[in-house]
Each structure stands twice: as C-alpha cells, then as structure tokens.
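Structure file start.cif (mmCIF, C-alpha atoms and all ligand atoms) is printed below.
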```cif
data_entry
loop_
_atom_site.label_atom_id
_atom_site.label_comp_id
_atom_site.auth_asym_id
_atom_site.auth_seq_id
_atom_site.Cartn_x
_atom_site.Cartn_y
_atom_site.Cartn_z
CA MET Q 1 87.59 113.48 88.53
CA PRO Q 2 91.03 112.48 87.31
CA LEU Q 3 91.54 109.04 85.83
CA ILE Q 4 94.03 106.97 87.83
CA HIS Q 5 95.43 103.67 86.56
CA TYR Q 6 96.18 100.99 89.16
CA VAL Q 7 98.28 98.14 87.79
CA ALA Q 8 98.50 94.92 89.79
CA ALA Q 9 101.67 92.84 89.93
CA ASP Q 10 100.12 90.41 87.43
CA GLY Q 11 99.45 93.23 85.00
CA THR Q 12 95.73 93.60 85.68
CA ARG Q 13 94.79 97.22 85.26
CA SER Q 14 91.97 99.06 87.02
CA SER Q 15 91.34 102.53 85.60
CA LEU Q 16 89.14 104.63 87.82
CA ASP Q 17 87.91 108.19 88.07
CA ILE Q 18 88.98 109.32 91.52
CA GLU Q 19 87.56 112.32 93.27
CA ASP Q 20 89.81 115.34 93.67
CA GLY Q 21 91.22 115.68 97.15
CA THR Q 22 91.13 111.99 98.02
CA SER Q 23 94.33 110.03 98.14
CA VAL Q 24 95.43 107.43 95.61
CA MET Q 25 95.20 104.90 98.48
CA GLN Q 26 91.59 105.87 99.27
CA GLY Q 27 90.72 105.66 95.59
CA ALA Q 28 91.86 102.04 95.58
CA VAL Q 29 90.33 101.00 98.90
CA PHE Q 30 86.96 102.68 98.28
CA ASN Q 31 86.70 100.95 94.90
CA GLY Q 32 87.83 97.51 96.00
CA VAL Q 33 91.11 97.53 94.11
CA GLU Q 34 93.24 94.77 95.57
CA GLY Q 35 96.91 95.39 96.08
CA ILE Q 36 96.69 98.47 98.29
CA VAL Q 37 95.67 97.86 101.89
CA GLY Q 38 95.90 101.19 103.72
CA GLU Q 39 95.89 99.65 107.17
CA CYS Q 40 96.64 102.84 109.10
CA GLY Q 41 93.97 104.83 107.29
CA GLY Q 42 96.35 107.13 105.51
CA ASN Q 43 98.57 108.34 108.32
CA ALA Q 44 101.90 107.24 106.82
CA MET Q 45 102.29 104.73 109.65
CA CYS Q 46 101.94 101.30 108.03
CA ALA Q 47 103.46 101.27 104.52
CA THR Q 48 100.73 98.89 103.27
CA CYS Q 49 99.84 101.40 100.58
CA HIS Q 50 103.24 101.16 98.90
CA VAL Q 51 103.20 101.69 95.14
CA TYR Q 52 105.70 102.08 92.34
CA VAL Q 53 104.78 105.22 90.44
CA ASP Q 54 105.35 105.08 86.70
CA GLU Q 55 108.68 106.81 86.25
CA ARG Q 56 107.23 109.17 83.63
CA ASP Q 57 104.84 110.46 86.28
CA LEU Q 58 107.33 111.10 89.06
CA ASP Q 59 107.83 114.76 88.17
CA ARG Q 60 104.12 115.41 88.58
CA LEU Q 61 104.08 114.40 92.23
CA GLU Q 62 104.77 116.65 95.14
CA ALA Q 63 107.99 115.90 96.98
CA MET Q 64 107.70 113.40 99.81
CA ASP Q 65 108.05 114.54 103.38
CA GLU Q 66 110.39 113.05 105.95
CA LEU Q 67 107.79 110.72 107.48
CA GLU Q 68 106.94 109.17 104.11
CA ASN Q 69 110.62 108.83 103.34
CA GLU Q 70 111.19 106.95 106.61
CA MET Q 71 108.18 104.67 106.16
CA LEU Q 72 109.32 103.71 102.69
CA ASP Q 73 112.21 101.94 104.39
CA ALA Q 74 109.64 99.62 106.03
CA THR Q 75 107.79 98.33 102.97
CA ALA Q 76 107.19 94.60 102.49
CA ARG Q 77 108.58 94.69 98.98
CA PRO Q 78 111.84 96.41 98.05
CA ARG Q 79 111.97 100.15 97.91
CA ARG Q 80 112.83 101.58 94.49
CA VAL Q 81 113.50 105.09 93.25
CA ASN Q 82 109.85 105.34 92.21
CA SER Q 83 108.41 104.03 95.51
CA ARG Q 84 105.76 106.16 97.18
CA LEU Q 85 103.09 105.77 99.81
CA SER Q 86 99.83 106.09 97.90
CA CYS Q 87 98.09 107.58 100.94
CA GLN Q 88 100.37 110.58 100.61
CA ILE Q 89 99.51 111.23 96.96
CA LYS Q 90 96.52 113.54 96.76
CA VAL Q 91 94.48 113.28 93.58
CA SER Q 92 94.12 116.48 91.57
CA ALA Q 93 93.63 117.47 87.94
CA GLU Q 94 97.41 117.62 87.55
CA LEU Q 95 97.55 113.85 88.11
CA GLU Q 96 95.18 112.93 85.26
CA GLY Q 97 96.29 109.59 83.85
CA LEU Q 98 98.67 108.75 86.72
CA ILE Q 99 99.88 105.15 86.64
CA VAL Q 100 100.73 103.36 89.90
CA ASN Q 101 102.08 99.82 89.94
CA MET Q 102 101.25 97.77 92.99
CA PRO Q 103 103.67 95.29 94.56
CA ASP Q 104 102.62 91.63 94.77
CA SER Q 105 102.24 91.90 98.53
CA GLN Q 106 101.99 94.59 101.19
CA TYR Q 107 102.98 92.22 104.03
S1 LIG Q 201 97.86 103.87 104.52
FE1 LIG Q 201 99.31 103.47 106.06
S2 LIG Q 201 101.11 104.36 105.29
FE2 LIG Q 201 99.67 104.75 103.75
#
```

Could you quickly redo this structure as structure tokens?
Ligand code: FES
Amino acid sequence: MPLIHYVAADGTRSSLDIEDGTSVMQGAVFNGVEGIVGECGGNAMCATCHVYVDERDLDRLEAMDELENEMLDATARPRRVNSRLSCQIKVSAELEGLIVNMPDSQY
C-alpha cells in the first residue's frame, strides 16, 4: 500500500497508506482527510477533489484525459500547472510518497 501525503492549506500533513487501485480522492474521503470532498463520487463531474500535485511528482502521473482537463477549468480555487482531479489519480506502487496539496476550499 503506497504512502500518500495529503497536505492541507494550513500545512497540516496526513500521511496514509492507500490501497492500490483506489483513487487519491477515495484515500482521503475513506480516511476522513478534510480538504477533498469528492461530491460526484469520482466521475470527474464536480471538481471538489481538486489538488495541487507536488511539482516533483508530476512526471509520475498518467496524462489527464479531456474530461479532467475540462473540469479543471471549474475548480473553486485557481487552476495551476500542477492542478489535478484527485479522483482521476489511481494509487499504485509507482506513486509511493506522492504529495498532494489541497486548496483551502473546494466550493
Ligand atoms: S470527485 Fe468529482 S470530480 Fe473528482
């Protein structure tokens, strides 16, 4: 189970072992990490799972698809080059140590 680091806007860090095959969003929601909502259940339809991926980790992620790219234009907080929808990031061994920074609000 890869270790994923969730960093809140105030700097609070939650480091959790997340099961392979679940999404980074599910890892947060299932473990009560505040800062990721996941309102649509992971269907890339709500953008309440917006995160800023640590820029050193960007190369380890799979490329985003068109739907994710469109939804990232509808986030509550500004889109940046390292913005991703955490429901579209599937946890695997390759993502060991991934750091995602959460915006201060998803609404
Ligand atoms: S959970 Fe809705 S877009 Fe990710």

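The smallest atom-to-atom distance between ligand LIG 201 (chain Q) and any of Q:Met71, Q:Val33, Q:Ala47, Q:Ile18, using only C-alpha atoms and all ligand atoms, is found for Q:Ala47.
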
Please build the interface table for chain Q against ligand LIG 201 (chain Q) with a cut-off of 9 Å, listing for each qualifying residue the nearest atom pair and the distance in Å to one decimal; count only C-alpha atoms and all ligand atoms, order rows by chain and increasing number, and write it as JSON lines.
```
{"residue": "Q:Met25", "atom": "CA", "partner": "Q:LIG201", "partner_atom": "S1", "distance": 6.7}
{"residue": "Q:Gln26", "atom": "CA", "partner": "Q:LIG201", "partner_atom": "S1", "distance": 8.4}
{"residue": "Q:Ile36", "atom": "CA", "partner": "Q:LIG201", "partner_atom": "S1", "distance": 8.3}
{"residue": "Q:Val37", "atom": "CA", "partner": "Q:LIG201", "partner_atom": "S1", "distance": 6.9}
{"residue": "Q:Gly38", "atom": "CA", "partner": "Q:LIG201", "partner_atom": "S1", "distance": 3.4}
{"residue": "Q:Glu39", "atom": "CA", "partner": "Q:LIG201", "partner_atom": "FE1", "distance": 5.2}
{"residue": "Q:Cys40", "atom": "CA", "partner": "Q:LIG201", "partner_atom": "FE1", "distance": 4.1}
{"residue": "Q:Gly41", "atom": "CA", "partner": "Q:LIG201", "partner_atom": "S1", "distance": 4.9}
{"residue": "Q:Gly42", "atom": "CA", "partner": "Q:LIG201", "partner_atom": "S1", "distance": 3.7}
{"residue": "Q:Asn43", "atom": "CA", "partner": "Q:LIG201", "partner_atom": "FE1", "distance": 5.4}
{"residue": "Q:Ala44", "atom": "CA", "partner": "Q:LIG201", "partner_atom": "S2", "distance": 3.4}
{"residue": "Q:Met45", "atom": "CA", "partner": "Q:LIG201", "partner_atom": "S2", "distance": 4.5}
{"residue": "Q:Cys46", "atom": "CA", "partner": "Q:LIG201", "partner_atom": "FE1", "distance": 3.9}
{"residue": "Q:Ala47", "atom": "CA", "partner": "Q:LIG201", "partner_atom": "S2", "distance": 4.0}
{"residue": "Q:Thr48", "atom": "CA", "partner": "Q:LIG201", "partner_atom": "FE1", "distance": 5.5}
{"residue": "Q:Cys49", "atom": "CA", "partner": "Q:LIG201", "partner_atom": "FE2", "distance": 4.6}
{"residue": "Q:His50", "atom": "CA", "partner": "Q:LIG201", "partner_atom": "FE2", "distance": 7.0}
{"residue": "Q:Glu68", "atom": "CA", "partner": "Q:LIG201", "partner_atom": "S2", "distance": 7.6}
{"residue": "Q:Met71", "atom": "CA", "partner": "Q:LIG201", "partner_atom": "S2", "distance": 7.1}
{"residue": "Q:Leu72", "atom": "CA", "partner": "Q:LIG201", "partner_atom": "S2", "distance": 8.6}
{"residue": "Q:Leu85", "atom": "CA", "partner": "Q:LIG201", "partner_atom": "FE2", "distance": 5.3}
{"residue": "Q:Ser86", "atom": "CA", "partner": "Q:LIG201", "partner_atom": "FE2", "distance": 6.0}
{"residue": "Q:Cys87", "atom": "CA", "partner": "Q:LIG201", "partner_atom": "FE2", "distance": 4.3}
{"residue": "Q:Gln88", "atom": "CA", "partner": "Q:LIG201", "partner_atom": "FE2", "distance": 6.7}
```

| request: Could you tell me how far atom CA of Asn69 of chain Q lies from atom CA of Gly35 of chain Q, in Å and to one decimal? | output: 20.5 Å

| field | Which of Q:Arg13, Q:Val29, Q:Val24, Q:Arg84 sits closest to Glu70 of chain Q [using all atoms listed in the file] | value |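 The answer is Q:Arg84, which sits nearest to Glu70 of chain Q.
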
| task | Could you give me, as a list in words, the residues within 9 Å of Pro2 of chain Q, counting all atoms listed in the file and dropping anything in the same chain fewer than 2 positions from it? | result |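 Counting only the stated atoms, we get Ile4, Leu16, Asp17, Ile18, Glu19, Asp20, Val91, Ser92, Ala93, Glu94, Leu95, Glu96, Gly97 and Leu98 of chain Q.
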
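In this model, the gap between atom CA of Gly11 of chain Q and atom CA of Val100 of chain Q comes to 11.3 Å.
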
Give me segment 23-34 of chain Q with N, CA and C atoms filled in, as a short mmCIF file (atom, residue, chain, number, x, y, z; two decimals), in the coordinates of the input.
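Resulting contents of selection30.cif:
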```
data_model
loop_
_atom_site.label_atom_id
_atom_site.label_comp_id
_atom_site.auth_asym_id
_atom_site.auth_seq_id
_atom_site.Cartn_x
_atom_site.Cartn_y
_atom_site.Cartn_z
N SER Q 23 93.00 110.54 98.43
CA SER Q 23 94.33 110.03 98.14
C SER Q 23 94.25 108.87 97.15
N VAL Q 24 95.36 108.57 96.53
CA VAL Q 24 95.43 107.43 95.61
C VAL Q 24 95.11 106.14 96.38
N MET Q 25 95.54 106.07 97.64
CA MET Q 25 95.20 104.90 98.48
C MET Q 25 93.69 104.81 98.67
N GLN Q 26 93.04 105.89 99.06
CA GLN Q 26 91.59 105.87 99.27
C GLN Q 26 90.86 105.50 97.98
N GLY Q 27 91.34 105.99 96.87
CA GLY Q 27 90.72 105.66 95.59
C GLY Q 27 90.71 104.16 95.35
N ALA Q 28 91.78 103.50 95.74
CA ALA Q 28 91.86 102.04 95.58
C ALA Q 28 90.95 101.34 96.58
N VAL Q 29 91.08 101.70 97.84
CA VAL Q 29 90.33 101.00 98.90
C VAL Q 29 88.82 101.19 98.72
N PHE Q 30 88.40 102.40 98.43
CA PHE Q 30 86.96 102.68 98.28
C PHE Q 30 86.36 101.94 97.09
N ASN Q 31 87.19 101.62 96.11
CA ASN Q 31 86.70 100.95 94.90
C ASN Q 31 87.05 99.47 94.84
N GLY Q 32 87.56 98.94 95.93
CA GLY Q 32 87.83 97.51 96.00
C GLY Q 32 88.99 97.04 95.15
N VAL Q 33 89.92 97.94 94.86
CA VAL Q 33 91.11 97.53 94.11
C VAL Q 33 92.04 96.77 95.05
N GLU Q 34 92.34 95.55 94.72
CA GLU Q 34 93.24 94.77 95.57
C GLU Q 34 94.68 95.17 95.28
#
```
